[in-house]
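Structure file final_17.txt (compact mmCIF, C-alpha atoms) follows.
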```txt
# COMPACT_ATOMS: atom_id res chain seq x y z
CA MET A 1 -18.64 -16.48 -37.58
CA MET A 2 -19.71 -13.16 -39.12
CA ARG A 3 -20.45 -13.23 -42.82
CA GLU A 4 -18.35 -11.02 -45.08
CA GLU A 5 -21.21 -8.59 -45.70
CA GLU A 6 -21.79 -8.22 -41.93
CA VAL A 7 -18.14 -7.40 -41.37
CA ALA A 8 -18.25 -4.77 -44.11
CA SER A 9 -21.42 -3.27 -42.64
CA VAL A 10 -19.96 -2.85 -39.17
CA ALA A 11 -16.64 -1.55 -40.46
CA ALA A 12 -18.46 1.17 -42.40
CA LYS A 13 -20.24 2.55 -39.32
CA PRO A 14 -19.01 6.07 -38.54
CA SER A 15 -19.48 6.03 -34.77
CA LEU A 16 -20.22 4.01 -31.69
CA ALA A 17 -23.82 5.14 -31.90
CA GLY A 18 -24.05 3.64 -35.37
CA LEU A 19 -22.85 0.36 -33.93
CA GLY A 20 -25.58 0.36 -31.30
CA LEU A 21 -23.39 1.65 -28.46
CA PRO A 22 -24.02 4.97 -26.70
CA SER A 23 -21.55 7.78 -27.25
CA PRO A 24 -20.20 9.48 -24.11
CA SER A 25 -22.04 12.61 -23.03
CA PRO A 26 -22.58 14.49 -19.74
CA SER A 27 -25.95 12.79 -19.38
CA SER A 28 -24.55 9.30 -19.89
CA LEU A 29 -21.40 9.52 -17.72
CA SER A 30 -20.98 9.62 -13.99
CA CYS A 31 -19.50 12.99 -13.07
CA VAL A 32 -16.36 13.01 -10.95
CA PRO A 33 -16.94 15.08 -7.81
CA PRO A 34 -14.90 18.29 -7.55
CA LEU A 35 -11.47 17.99 -5.96
CA ALA A 36 -11.82 17.64 -2.22
CA PHE A 37 -9.62 19.99 -0.19
CA GLY A 38 -7.28 20.47 -3.13
CA SER A 39 -6.26 16.81 -3.29
CA PRO A 40 -5.30 15.67 -6.79
CA LEU A 41 -7.58 13.12 -8.37
CA CYS A 42 -6.28 10.60 -10.93
CA PHE A 43 -8.67 9.00 -13.41
CA CYS A 44 -7.78 5.55 -14.77
CA CYS A 45 -9.03 3.78 -17.89
CA ASN A 46 -8.23 0.80 -20.08
CA SER A 47 -6.65 1.01 -23.50
CA PRO A 48 -8.93 0.07 -26.44
CA LEU A 49 -7.35 -3.35 -26.92
CA SER A 50 -7.51 -4.20 -23.22
CA TRP A 51 -11.13 -3.05 -23.15
CA VAL A 52 -11.98 -5.42 -26.00
CA LEU A 53 -10.23 -8.35 -24.35
CA ARG A 54 -11.91 -7.76 -20.99
CA GLU A 55 -15.35 -6.97 -22.32
CA ALA A 56 -15.50 -9.48 -25.18
CA ARG A 57 -18.51 -11.27 -23.76
CA GLU A 58 -20.50 -8.05 -23.35
CA ILE A 59 -19.84 -6.81 -26.89
CA HIS A 60 -20.27 -10.23 -28.50
CA ASP A 61 -23.86 -9.44 -29.49
CA PHE A 62 -22.68 -6.40 -31.46
CA TYR A 63 -19.67 -7.87 -33.20
CA GLY A 64 -20.28 -11.59 -33.53
CA ASP A 65 -17.93 -14.50 -33.16
CA PHE A 66 -14.90 -12.65 -34.51
CA VAL A 67 -14.30 -11.13 -31.06
CA PHE A 68 -11.40 -12.73 -29.21
CA ARG A 69 -12.08 -16.05 -27.56
CA SER A 70 -8.67 -16.61 -26.02
CA SER A 71 -6.11 -14.22 -27.54
CA ALA A 72 -5.69 -11.14 -29.68
CA GLY A 73 -4.50 -13.26 -32.60
CA GLU A 74 -7.92 -14.64 -33.47
CA GLY A 75 -9.53 -11.25 -34.10
CA CYS A 76 -6.42 -9.93 -35.83
CA HIS A 77 -6.48 -12.68 -38.43
CA ILE A 78 -10.21 -13.32 -38.85
CA ALA A 79 -11.37 -9.73 -39.46
CA PRO A 80 -8.47 -7.28 -39.12
CA HIS A 81 -10.23 -4.35 -40.81
CA LEU A 82 -13.21 -4.75 -38.47
CA LEU A 83 -10.96 -4.89 -35.43
CA GLN A 84 -9.15 -1.75 -36.57
CA THR A 85 -12.46 0.08 -36.89
CA LEU A 86 -13.65 -1.10 -33.50
CA LEU A 87 -10.42 -0.05 -31.78
CA SER A 88 -10.55 3.38 -33.42
CA HIS A 89 -14.17 3.86 -32.31
CA LEU A 90 -13.19 2.88 -28.79
CA ALA A 91 -10.21 5.25 -28.82
CA GLN A 92 -12.54 8.14 -29.65
CA ALA A 93 -15.02 7.12 -26.95
CA ILE A 94 -12.29 6.72 -24.31
CA ALA A 95 -10.80 10.11 -25.25
CA ASP A 96 -14.23 11.75 -24.90
CA TYR A 97 -14.67 10.11 -21.51
CA ILE A 98 -11.21 11.23 -20.34
CA ILE A 99 -11.87 14.82 -21.43
CA PHE A 100 -15.18 14.80 -19.56
CA GLN A 101 -13.46 13.56 -16.42
CA VAL A 102 -10.72 16.20 -16.69
CA GLU A 103 -13.33 18.91 -17.09
CA SER A 104 -15.08 17.47 -14.02
CA GLY A 105 -11.97 17.72 -11.85
CA ALA A 106 -9.53 14.90 -12.65
CA TYR A 107 -5.96 16.15 -12.24
CA CYS A 108 -4.16 13.44 -14.24
CA ILE A 109 -4.93 10.38 -16.36
CA GLN A 110 -3.53 6.86 -16.27
CA ILE A 111 -4.09 4.51 -19.19
CA PHE A 112 -3.75 0.82 -18.39
CA ASP A 113 -2.80 -1.38 -21.32
CA SER A 114 -3.25 -4.40 -19.10
CA TRP A 115 -2.75 -7.01 -21.81
CA GLY A 116 -0.12 -5.19 -23.85
CA GLY A 117 2.79 -7.00 -22.25
CA GLN A 118 1.36 -10.34 -23.41
CA LEU A 119 1.74 -9.38 -27.07
CA PRO A 120 4.86 -9.68 -29.22
CA PRO A 121 6.28 -6.19 -29.79
CA ASP A 122 5.26 -6.13 -33.46
CA MET A 123 1.66 -7.02 -32.58
CA TRP A 124 1.60 -4.35 -29.87
CA GLU A 125 2.88 -1.83 -32.40
CA ARG A 126 0.01 -2.68 -34.73
CA TRP A 127 -2.93 -3.42 -32.44
CA SER A 128 -2.45 -1.31 -29.34
CA LYS A 129 0.03 1.52 -29.74
CA PRO A 130 -1.78 3.42 -32.57
CA TYR A 131 -5.01 3.58 -30.57
CA ILE A 132 -3.30 4.66 -27.36
CA LYS A 133 -1.57 7.38 -29.37
CA GLU A 134 -4.93 8.36 -30.86
CA ILE A 135 -6.32 8.82 -27.35
CA VAL A 136 -3.30 10.84 -26.23
CA ASP A 137 -3.47 13.12 -29.29
CA LEU A 138 -7.20 13.77 -28.83
CA VAL A 139 -6.88 14.49 -25.11
CA LYS A 140 -3.83 16.74 -25.55
CA LYS A 141 -5.75 18.91 -28.02
CA ARG A 142 -8.43 19.68 -25.41
CA CYS A 143 -6.46 19.28 -22.18
CA PRO A 144 -2.81 20.07 -22.99
CA GLU A 145 -1.82 20.62 -19.35
CA THR A 146 -3.17 17.31 -18.07
CA PRO A 147 -0.41 14.74 -17.47
CA ILE A 148 -1.04 11.29 -18.98
CA VAL A 149 0.53 8.13 -17.57
CA LEU A 150 0.78 4.85 -19.49
CA TYR A 151 1.21 1.56 -17.67
CA ILE A 152 1.65 -1.87 -19.24
CA ASN A 153 2.01 -4.95 -17.09
CA GLY A 154 5.13 -6.77 -18.28
CA ASN A 155 6.44 -3.75 -20.17
CA GLY A 156 10.16 -4.54 -20.10
CA GLY A 157 10.25 -5.24 -23.82
CA LEU A 158 8.15 -2.22 -24.77
CA LEU A 159 9.61 0.78 -22.92
CA GLU A 160 11.07 2.58 -25.92
CA ARG A 161 7.93 1.92 -27.94
CA MET A 162 5.74 3.26 -25.12
CA LYS A 163 7.62 6.55 -25.18
CA ASP A 164 6.50 7.14 -28.76
CA THR A 165 2.82 7.29 -27.72
CA GLY A 166 3.27 10.87 -26.52
CA VAL A 167 2.42 10.26 -22.86
CA ASP A 168 4.09 12.30 -20.11
CA VAL A 169 4.88 9.47 -17.69
CA ILE A 170 5.58 5.76 -18.11
CA GLY A 171 4.77 3.39 -15.29
CA LEU A 172 7.34 0.65 -14.76
CA ASP A 173 6.31 -2.73 -13.47
CA TRP A 174 8.29 -4.55 -10.78
CA THR A 175 10.42 -6.45 -13.31
CA VAL A 176 12.10 -3.27 -14.58
CA ASP A 177 14.85 -1.61 -12.55
CA MET A 178 14.41 2.16 -12.16
CA ALA A 179 17.97 2.95 -13.25
CA ASP A 180 17.65 0.72 -16.31
CA GLY A 181 14.29 2.30 -17.15
CA ARG A 182 15.79 5.80 -16.98
CA ARG A 183 18.73 4.77 -19.15
CA ARG A 184 16.41 3.35 -21.79
CA LEU A 185 13.84 6.16 -21.73
CA GLY A 186 16.17 9.12 -21.39
CA SER A 187 15.54 12.26 -19.35
CA GLY A 188 12.66 13.75 -21.31
CA ILE A 189 9.85 11.69 -19.78
CA GLY A 190 8.63 10.91 -16.28
CA MET A 191 8.68 7.48 -14.63
CA GLN A 192 6.73 5.97 -11.79
CA GLY A 193 6.07 2.65 -10.13
CA ASN A 194 8.04 -0.61 -10.14
CA VAL A 195 6.94 -1.68 -6.64
CA ASP A 196 6.31 -5.41 -6.48
CA PRO A 197 2.66 -5.73 -5.34
CA ALA A 198 3.71 -8.71 -3.22
CA TYR A 199 5.07 -6.16 -0.74
CA LEU A 200 1.46 -5.29 0.12
CA PHE A 201 1.33 -8.66 1.88
CA SER A 202 4.69 -8.22 3.61
CA PRO A 203 5.26 -7.18 7.23
CA LEU A 204 5.17 -3.41 7.67
CA PRO A 205 8.95 -3.04 8.23
CA ALA A 206 9.70 -4.80 4.92
CA PHE A 207 7.12 -2.68 3.09
CA THR A 208 8.48 0.52 4.64
CA GLU A 209 12.05 -0.40 3.72
CA GLU A 210 11.05 -0.97 0.09
CA MET A 211 9.23 2.39 -0.09
CA GLN A 212 12.26 4.15 1.33
CA ARG A 213 14.56 2.40 -1.13
CA LEU A 214 12.50 3.61 -4.05
CA ALA A 215 12.14 7.14 -2.71
CA ILE A 216 15.88 7.69 -2.30
```
Encoded form using structure tokens:
Amino acid sequence: MMREEEVASVAAKPSLAGLGLPSPSPSSLSCVPPLAFGSPLCFCCNSPLSWVLREAREIHDFYGDFVFRSSAGEGCHIAPHLLQTLLSHLAQAIADYIIFQVESGAYCIQIFDSWGGQLPPDMWERWSKPYIKEIVDLVKKRCPETPIVLYINGNGGLLERMKDTGVDVIGLDWTVDMADGRRRLGSGIGMQGNVDPAYLFSPLPAFTEEMQRLAI
């Protein structure tokens, strides 16, 4: 467990570089190749909270035992101010990376909040939504014409809250009916998705029928 003075020290760091992590720059990122033959290119990235949950082992050396072992709750309760600082640093880094990719040719952005649907809505509001919104705000300032998509697996209980992040499109998972999603979200935002990935293992006629159903 991190001592109180260690937590305070990390929380006071002003940047990822101060925490021992490299900040994004053209020399440290892999450049997206220019668009080939005019085909649109979508760049995908994780939300800050999902990044922490997936990469906890890799960042353990920087942040100590407070980092999640099995769920978001542990970090939230053990060192909430440190987690807030980490997520904000990551939001800035992810926004910088997105902007670099857009300037390198990416046509649109999709943010995956892969673990967001596993959180109670109030926890998502506190520990994921503000940092997704921070990314969206930063990217929109530099790349206002770039559409941003937000997808959360298991997002049926979060649709209205997702709309408030400022994204242009919300991806529905296969548990949300398209008509119900449109009713809940209104007409001022785009929707995509809701294909059950199990159809990828179905016979071609069944897969084709499902695609046609969704396209009509």
query: Any idea what the distance is between CA of Asp122 in chain A and CA of His81 in chain A?
result: 17.2 Å
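Counting all atoms listed in the file, the residue from A:Asn155, A:Ser50, A:Gln92, A:Thr175 that sits nearest to Trp115 in chain A is A:Ser50.
For the pair CA of Tyr199 in chain A and CA of Pro121 in chain A, the separation is 29.1 Å.
Counting only C-alpha atoms, the residue from A:Gly116, A:Pro197, A:Trp127, A:Gly188 that sits nearest to Leu82 in chain A is A:Trp127.
From CA of Arg182 in chain A back to CA of Ala91 in chain A, the distance works out to 28.6 Å.
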task: Using all atoms listed in the file, determine which residues lie at most 7 Å from Val169 in chain A, disregarding the query and same-chain residues fewer than 6 positions distant; provide the list as a PyMOL selection string.
output: chain A and resi 148-150+189-191
Where's the centre, and what are the edge lengths in Å to one decimal, of a box along x, y and z enclosing all listed atoms of range 197-209 of chain A padded 4 Å per side, as JSON?
```
{"center_x": 6.7, "center_y": -4.1, "center_z": 1.4, "size_x": 18.7, "size_y": 17.2, "size_z": 21.6}
```
- line: Restricting to all atoms listed in the file, whichever of A:Asp96, A:Gly105, A:Pro120, A:Tyr151 is closest to Ser47 in chain A is A:Tyr151
- prompt: From the list A:Glu160, A:Gln84, A:Phe43, A:Ala179, which residue is nearest Phe112 in chain A when using only C-alpha atoms?
  reply: A:Phe43
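Of the listed residues (A:Gly193, A:Leu90, A:Arg213, A:Leu158), A:Gly193 comes nearest to Leu172 in chain A; the distances count all atoms listed in the file.
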Excluding Arg126 in chain A and any residue of its chain fewer than 5 positions from it, enumerate the residues within 12 Å of it, using all atoms listed in the file, and give them as a PDB file with C-alpha atoms, in the frame of the given file.
```pdb
ATOM      1  CA  LEU A  49      -7.350  -3.350 -26.920  1.00  0.00           C
ATOM      2  CA  ALA A  72      -5.690 -11.140 -29.680  1.00  0.00           C
ATOM      3  CA  GLY A  73      -4.500 -13.260 -32.600  1.00  0.00           C
ATOM      4  CA  CYS A  76      -6.420  -9.930 -35.830  1.00  0.00           C
ATOM      5  CA  PRO A  80      -8.470  -7.280 -39.120  1.00  0.00           C
ATOM      6  CA  LEU A  83     -10.960  -4.890 -35.430  1.00  0.00           C
ATOM      7  CA  GLN A  84      -9.150  -1.750 -36.570  1.00  0.00           C
ATOM      8  CA  LEU A  87     -10.420  -0.050 -31.780  1.00  0.00           C
ATOM      9  CA  GLY A 116      -0.120  -5.190 -23.850  1.00  0.00           C
ATOM     10  CA  LEU A 119       1.740  -9.380 -27.070  1.00  0.00           C
ATOM     11  CA  PRO A 120       4.860  -9.680 -29.220  1.00  0.00           C
ATOM     12  CA  PRO A 121       6.280  -6.190 -29.790  1.00  0.00           C
ATOM     13  CA  TYR A 131      -5.010   3.580 -30.570  1.00  0.00           C
ATOM     14  CA  ILE A 132      -3.300   4.660 -27.360  1.00  0.00           C
ATOM     15  CA  LYS A 133      -1.570   7.380 -29.370  1.00  0.00           C
ATOM     16  CA  ARG A 161       7.930   1.920 -27.940  1.00  0.00           C
TER      17      ARG A 161
END
```
